[in-house]
Every structure is written in C-alpha cells, then in structure tokens.
Amino acid sequence: MKKSGSIRSKREEGSSVIIARQDHGISRKLMSPNALRVLYRLKDNGFVGYLVGGCVRDLLLGREPKDFDVVTNATPGEIKRIFRNCRLIGRRFRLAHIHFLDEIIEVATFRSQASNEPEPEPEEGNGTEQRQRHPRMLKDEEGMILRDNVYGTPEEDALRRDFTVNALSYNIADFSIIDYVGGLADLNAGIIRIIGDPVVRFQEDPVRMLRAVRFAAQLGFTIEEGTLKALVAAADTIVRAAPPRLYDEMLKLLLSGEGDKCYDLLRHTGLFAALFPHFSAWLDAESEGFPHTRFGEMLAYVDSRIQQGDKISQPLLLALLFGEYLDEKAENFRRQGAPWQQSVYAALGEFMGEVCPIVLITNRVGFALRDIIAQQTRLKKVPGRRPEAFIARHDFNDIIAYCRITRGDQKEVARQLDWWEARAQQQEPLPPPADSSEETEAPQRKRRRRRRRRPKADKKLG
C-alpha cells in the first residue's frame with residue numbers, strides 16, 4: 001500500500017487540496033463494507049458523503065483503522081429517514097448511529113465554526129404555554145463547548161476538527177482525498193498540530209489535550225511547538241471535563257499499546273498530576289527509601305500484552321497500576337487494628353474518594369478492583385473450604401493473573417497458582433502441593449448444634 005509519502009500530485013480548488021484516486025494508495029477493499037453501504041446510500045439519495053478522521057489518517061499510514069466515521073450534508077432527521085437501522089444519539093453533538101449486525105457506523109452532519117447563534121425564539125407549546133428552544137450552539141463562561149449542532153459546509157466542518165491529521169476526508173463520489181487544513185503535510189512530517197488557536201481550542205474542549213498525547217504516542221509523532229506550549233499552560237484545566245469522559249479517555253491511553261509513552265507525555269505536560277494528584281505525589285515520593293517503580297513496570301507489561309493482541313479487563317488493569325498504592329493504604333489501616341479484608345475495603349474507599357471526583361471509576365469496576373486485591377489471601381489456602389466455589393467466581397482468572405504478574409516469581413506462590421489453575425481445568429480433585437504450609441486437610445465437618453429445649457411452664461396450683 002502507498003503511504004502518505006508516496007502521494008505525487010495535487011490540485012488546489014479554492015482553499016482545499018484534492019488528491020485524485022490514482023495519486024493515493026487508499027483502496028475501497030481496505031474499508032468497512034458497512035461504511036461503504038452508508039456512503040453509497042447517501043450518494044444515491046442526493047447527499048454528499050465523506051469518510052473522515054482517523055480512518056483516513058490510518059489508511060494513508062498503512063495502519064488498520066479501528067472504526068470508520070462518515071460525515072454528510074444530510075441532517076440527523078434526514079439520515080434517520082434514509083436508514084431504518086438508524087438511532088439518533090447525543091445532545092451535546094447530535095449524531096446518527098447506523099446499526100449493522102457486527103458494527104455501528106457513526107454519521108455526523110457537517111458542522112459550522114459558528115461560535116454563537118441568535119437567542120432562540122420561544123416556540124408555541126400546548127395551549128397558551130410557550131417553551132424555550134434549546135440553542136444549537138452553547139458555550140460556558142470559560143469557552144468550553146456544551147452543545148454544537150450548528151450545521152455548515154465541508155470546509156467549516158474540517159476547520160472545527162481537533163488536529164490537522166484528523167481532518168482529511170475521502171470523497172466516495174470520485175474516490176479523492178480532500179485536505180482543507182494541511183493535514184497531509186503534517187502527516188508526512190509526523191506532527192500533531194491543533195487546528196486554529198490552541199489556547200481557544202483547548203478551552204473549548206480540554207479532552208483534546210489527552211487526544212494530542214494519545215495520537216503522538218500511538219503514531220510516534222511529535223506535538224507541534226505551539227500546540228505543546230498551550231497544552232502545558234492549560235494542563236490544570238483538564239479537570240473541567242466530565243469525569244466519566246476522562247475515565248474513558250484514560251482507558252484509551254492506557255490500553256493503546258503505548259501506555260508507557262502516553263504516561264511519559266502525561267507526566268511531562270503536567271496532565272498526570274492534574275488527573276491523579278494524590279497518586280502522582282505518592283509516585284514522586286519514596287517508601288522506606290525505595291522509589292515506586294512497579295507502576296512503570298506494569299505499564300510496560302500491559303503494553304506488551306496489548307501489542308500481542310491480548311485483552312486486559314478494566315479491573316485487572318487498575319489493579320496492576322494502582323495495586324501497590326492500595327496495598328500501602330491497606331497496610332496503614334491494618335496498623336490501626338483493622339483485619340485484612342476490612343483494611344482493603346477501607347483502602348479502596350479512600351482511593352475512590354481521591355480519584356472519582358476527577359476521573360470517575362464506576363462502582364462496578366471499583367468493586368471488582370477491590371475483590372482482586374482482597375482475594376489474594378484466598379489463593380494461599382490450598383485447597384481451603386469450597387475450592388470449587390472460588391474457582392467458579394467470574395473474576396477468578398483476574399485474581400490468578402494479578403497474583404502471577406506481581407508475585408509469580410516466588411516459587412511457593414508459583415506452585416500455589418499452578419495448583420489452582422490445574423484444579424480449574426480438571427474434573428477430578430487434585431492433591432494440594434506437597435510442601436504447602438497452608439490448609440492441607442479437608443475442613444472438618446461441623447457438629448450439629450442441639451436444639452435448646454424451652455422450659456415448661458409452671459403448673460397452676462389448684
């Protein structure tokens with residue numbers, strides 16, 4: 001496949017650069033068949049339809065896109081009328097999701113650069129009541145976009161995207177690539193450059209700072225000097241973004257296969273300290289004269305697993321990255337007299353209280369993280385009571401994986417884990433390890449407690 005560096009000729013039309021089909025290496029064979037169906041259906045109904053964003057960028061770089069996004073001049077209502085398998089979602093950005101058996105194609109309408117719009121006039125409601133129409137464009141006092149549904153032209157849509165390399169379009173009408181913002185030049189040079197004034201663009205959406213870090217790390221690109229300078233200056237404002245959205249973005253960073261590089265950039269720019277202030281301060285300090293190195297080691301391990309095509313669950317990811325921090329918190333509670341399990345619960349509660357106001361970890365993931373840490377002592381009890389029930393836990397594999405990754409180099413621990421994994425795979429019971437110092441005998445049968453007799457009531461005297 002030809003990459004962006006092999007593009008030979010261009011022609012300019014207005015403010016855009018157009019690369020004809022014979023001059024670029026993108027083939028429809030490399031695209032999602034469902035995305036092509038959407039594009040052709042829009043075209044057949046008289047609308048303009050482009051592939052846009054990361055899929056075009058990745059195809060030019062010879063990478064396999066994860067998803068294919070479509071942009072069109074059809075409004076969400078018109079898209080819904082064309083596609084029976086369409087669902088409209090979002091209030092901040094109104095989008096259409098076209099549902100196929102194994103894929104969802106996201107379709108957006110060309111948006112305008114308009115920063116505001118006239119005050120909406122009230123609409124007639126039922127009877128004599130009136131209701132106020134929500135504005136299609138809305139920003140808060142600090143310039144962050146709260147709603148953006150003002151529709152515009154293809155060029156306006158390109159100019160309102162985040163980075164130049166993400167603003168390239170593929171036109172299904174003639175199979176050409178359209179570049180309005182110099183994205184091809186930055187793609188060839190390996191540069192992440194924000195479109196427009198970086199100070200304003202980061203005010204509009206602070207999450208763009210995390211996206212700059214992720215693209216730079218994943219693609220091996222350099223963040224352009226002006227973009228980087230504005231990012232560092234605005235790093236503290238990342239907390240203005242919605243906590244659930246920040247959690248989703250952090251997952252993308254940490255599960256990108258380049259989490260170690262992402263972390264280095266986050267630390268360098270000040271974003272990591274803004275997102276995890278307590279944990280970042282703990283990393284910078286030492287415990288009993290030793291630096292905290294396990295976080296970096298775990299990031300490298302996760303990257304290697306992701307690059308090999310493996311999947312890591314969210315609770316296991318968080319346990320690997322924050323487990324040492326949680327263990328130290330739990331140890332502090334144990335010194336105060338709390339039993340093991342209660343100390344882990346208290347440590348997790350304190351951790352969630354620190355993190356969730358900025359990066360919202362859901363209760364479901366938080367409880368699963370807690371159980372991975374709390375159940376580590378159960379692995380020492382071989383076989384212990386009701387081993388089959390322990391093996392049947394939905395998080396059994398994560399509990400085993402966490403222990404093997406963090407303590408599997410210890411021979412006794414490795415033998416215990418081997419026994420548990422073999423027991424999980426065998427129908428017949430296995431004998432415990434010969435040198436196990438934990439529970440080696442089956443639990444004794446409980447003695448039945450005798451039912452206590454009630455004293456008979458005194459007979460009445462006649």
# chains A, B, ... in the order shown; residues from 1 in each chain; ligands from 1
>>> select_by_dssp(residues="range 198-376 of chain A", states="helix (DSSP H, G or I)", output="number ranges by chain")
A: 198-204, 207-219, 225-240, 243-254, 259-269, 271-275, 277-284, 294-307, 314-335, 340-355, 363-376
>>> write_last_selection(atoms="C-alpha atoms", output="short mmCIF file (atom, residue, chain, number, x, y, z; two decimals), in the first residue's frame")
data_model
loop_
_atom_site.label_atom_id
_atom_site.label_comp_id
_atom_site.auth_asym_id
_atom_site.auth_seq_id
_atom_site.Cartn_x
_atom_site.Cartn_y
_atom_site.Cartn_z
CA PRO A 198 -4.52 26.15 20.50
CA VAL A 199 -5.43 28.25 23.56
CA VAL A 200 -9.02 28.65 22.34
CA ARG A 201 -9.32 25.05 21.12
CA PHE A 202 -8.21 23.61 24.47
CA GLN A 203 -10.66 25.93 26.24
CA GLU A 204 -13.46 24.63 24.01
CA VAL A 207 -10.06 16.48 26.39
CA ARG A 208 -8.24 17.50 23.20
CA MET A 209 -5.09 17.64 25.34
CA LEU A 210 -5.39 13.92 26.13
CA ARG A 211 -6.08 13.16 22.48
CA ALA A 212 -2.92 15.02 21.46
CA VAL A 213 -0.92 12.85 23.86
CA ARG A 214 -2.53 9.63 22.63
CA PHE A 215 -2.03 10.35 18.93
CA ALA A 216 1.57 11.42 19.47
CA ALA A 217 2.34 8.22 21.39
CA GLN A 218 0.42 5.83 19.14
CA LEU A 219 1.70 7.24 15.85
CA GLU A 225 5.67 23.51 19.44
CA GLY A 226 2.76 25.96 19.68
CA THR A 227 0.31 23.16 20.43
CA LEU A 228 2.59 21.72 23.13
CA LYS A 229 3.19 25.11 24.76
CA ALA A 230 -0.55 25.81 25.01
CA LEU A 231 -1.16 22.27 26.29
CA VAL A 232 1.33 22.62 29.14
CA ALA A 233 -0.14 26.01 30.08
CA ALA A 234 -3.68 24.60 30.13
CA ALA A 235 -2.92 21.22 31.75
CA ASP A 236 -4.62 22.13 35.05
CA THR A 237 -7.90 22.84 33.22
CA ILE A 238 -8.29 19.18 32.25
CA VAL A 239 -10.42 18.78 35.40
CA ARG A 240 -13.16 20.87 33.74
CA PRO A 243 -15.29 12.75 34.99
CA PRO A 244 -16.90 9.82 33.07
CA ARG A 245 -15.41 11.13 29.82
CA LEU A 246 -11.98 11.48 31.41
CA TYR A 247 -12.17 7.84 32.56
CA ASP A 248 -12.97 6.70 29.02
CA GLU A 249 -10.08 8.74 27.62
CA MET A 250 -7.67 7.35 30.22
CA LEU A 251 -8.67 3.83 29.24
CA LYS A 252 -7.87 4.66 25.61
CA LEU A 253 -4.45 5.93 26.67
CA LEU A 254 -3.57 3.05 28.98
CA GLY A 259 0.67 3.33 27.60
CA ASP A 260 4.26 3.81 28.74
CA LYS A 261 4.82 6.55 26.14
CA CYS A 262 1.47 8.11 27.00
CA TYR A 263 2.43 8.19 30.67
CA ASP A 264 5.75 9.90 29.91
CA LEU A 265 3.94 12.59 27.92
CA LEU A 266 1.27 12.99 30.60
CA ARG A 267 3.95 13.47 33.25
CA HIS A 268 5.96 15.85 31.06
CA THR A 269 2.97 18.07 30.32
CA LEU A 271 -1.65 16.32 32.84
CA PHE A 272 -0.99 13.28 35.03
CA ALA A 273 -0.58 15.34 38.20
CA ALA A 274 -3.82 17.19 37.39
CA LEU A 275 -5.75 13.95 36.81
CA PRO A 277 -2.90 14.48 42.23
CA HIS A 278 -2.65 12.15 45.26
CA PHE A 279 -1.28 9.18 43.35
CA SER A 280 1.16 11.39 41.43
CA ALA A 281 2.53 12.81 44.70
CA TRP A 282 2.91 9.24 46.04
CA LEU A 283 4.85 8.21 42.92
CA ASP A 284 7.20 11.16 43.37
CA ARG A 294 6.09 -1.02 39.88
CA PHE A 295 3.73 1.39 38.10
CA GLY A 296 6.15 1.75 35.18
CA GLU A 297 6.84 -1.99 35.12
CA MET A 298 3.13 -2.75 34.98
CA LEU A 299 2.60 -0.23 32.15
CA ALA A 300 5.32 -1.96 30.14
CA TYR A 301 3.71 -5.34 30.84
CA VAL A 302 0.26 -4.12 29.76
CA ASP A 303 1.73 -2.65 26.56
CA SER A 304 3.37 -5.98 25.69
CA ARG A 305 0.10 -7.86 26.22
CA ILE A 306 -1.91 -5.39 24.12
CA GLN A 307 0.67 -5.46 21.33
CA GLN A 314 -10.59 -2.81 33.32
CA PRO A 315 -10.45 -4.11 36.94
CA LEU A 316 -7.23 -6.04 36.25
CA LEU A 317 -5.69 -3.00 34.54
CA LEU A 318 -6.45 -0.80 37.54
CA ALA A 319 -5.23 -3.47 39.97
CA LEU A 320 -1.91 -3.75 38.14
CA LEU A 321 -1.38 0.01 38.01
CA PHE A 322 -2.70 1.02 41.43
CA GLY A 323 -2.31 -2.22 43.42
CA GLU A 324 0.90 -1.20 45.18
CA TYR A 325 -0.71 2.11 46.18
CA LEU A 326 -3.77 0.27 47.52
CA ASP A 327 -1.58 -2.23 49.40
CA GLU A 328 0.21 0.60 51.18
CA LYS A 329 -3.09 2.22 52.12
CA ALA A 330 -4.42 -1.12 53.38
CA GLU A 331 -1.28 -1.65 55.45
CA ASN A 332 -1.87 1.69 57.16
CA PHE A 333 -5.37 0.57 58.15
CA ARG A 334 -4.03 -2.80 59.40
CA ARG A 335 -1.60 -0.96 61.67
CA TRP A 340 -7.21 -7.79 56.26
CA GLN A 341 -10.43 -7.66 54.27
CA GLN A 342 -11.75 -4.61 56.10
CA SER A 343 -8.46 -2.79 55.54
CA VAL A 344 -8.66 -3.47 51.78
CA TYR A 345 -12.23 -2.19 51.68
CA ALA A 346 -11.20 0.97 53.53
CA ALA A 347 -8.21 1.48 51.24
CA LEU A 348 -10.38 1.14 48.15
CA GLY A 349 -12.91 3.60 49.57
CA GLU A 350 -10.19 6.15 50.25
CA PHE A 351 -8.73 5.64 46.75
CA MET A 352 -12.11 6.09 45.07
CA GLY A 353 -12.68 9.24 47.10
CA GLU A 354 -9.42 10.68 45.78
CA VAL A 355 -9.83 9.71 42.12
CA ASN A 363 -18.82 1.31 41.19
CA ARG A 364 -18.93 -1.94 39.22
CA VAL A 365 -15.28 -1.61 38.20
CA GLY A 366 -14.30 -0.33 41.65
CA PHE A 367 -15.86 -3.31 43.44
CA ALA A 368 -14.18 -5.71 41.01
CA LEU A 369 -10.83 -3.99 41.63
CA ARG A 370 -11.37 -4.32 45.39
CA ASP A 371 -12.12 -8.05 45.10
CA ILE A 372 -8.98 -8.76 43.05
CA ILE A 373 -6.88 -7.28 45.86
CA ALA A 374 -8.91 -8.73 48.74
CA GLN A 375 -8.99 -12.30 47.36
CA GLN A 376 -5.19 -12.64 47.15
#
>>> atom_distance(atom1="CA of Asn73 in chain A", atom2="CA of Pro154 in chain A")
7.9 Å
>>> select_by_dssp(residues="range 172-322 of chain A", states="strand (DSSP E or B)", output="JSON list (two decimals) with C-alpha atoms, in the first residue's frame")
[["chain", "number", "residue", "atom", "x", "y", "z"],
["A", 176, "SER", "CA", -10.34, 11.50, -3.93],
["A", 177, "ILE", "CA", -8.82, 12.77, -0.68],
["A", 178, "ILE", "CA", -9.66, 16.34, 0.36],
["A", 179, "ASP", "CA", -7.35, 18.33, 2.63],
["A", 191, "ILE", "CA", 3.44, 16.28, 13.52],
["A", 192, "ILE", "CA", 0.38, 16.61, 15.77],
["A", 194, "ILE", "CA", -4.13, 21.55, 16.53],
["A", 222, "THR", "CA", 5.83, 14.96, 17.70],
["A", 223, "ILE", "CA", 3.44, 17.53, 19.16],
["A", 286, "GLU", "CA", 9.76, 7.08, 48.29],
["A", 287, "SER", "CA", 8.59, 4.34, 50.62],
["A", 290, "PHE", "CA", 12.83, 2.92, 47.79],
["A", 291, "PRO", "CA", 11.23, 4.58, 44.73]]
>>> residues_around(residues="range 44-59 of chain A", least_positions_apart="3", cutoff="9 Å", atoms="only C-alpha atoms", output="ChimeraX atom specification")
/A:1,3-4,25-27,30-31,35,38-41,62-74,82,158,161,165-173,177,183-184,187
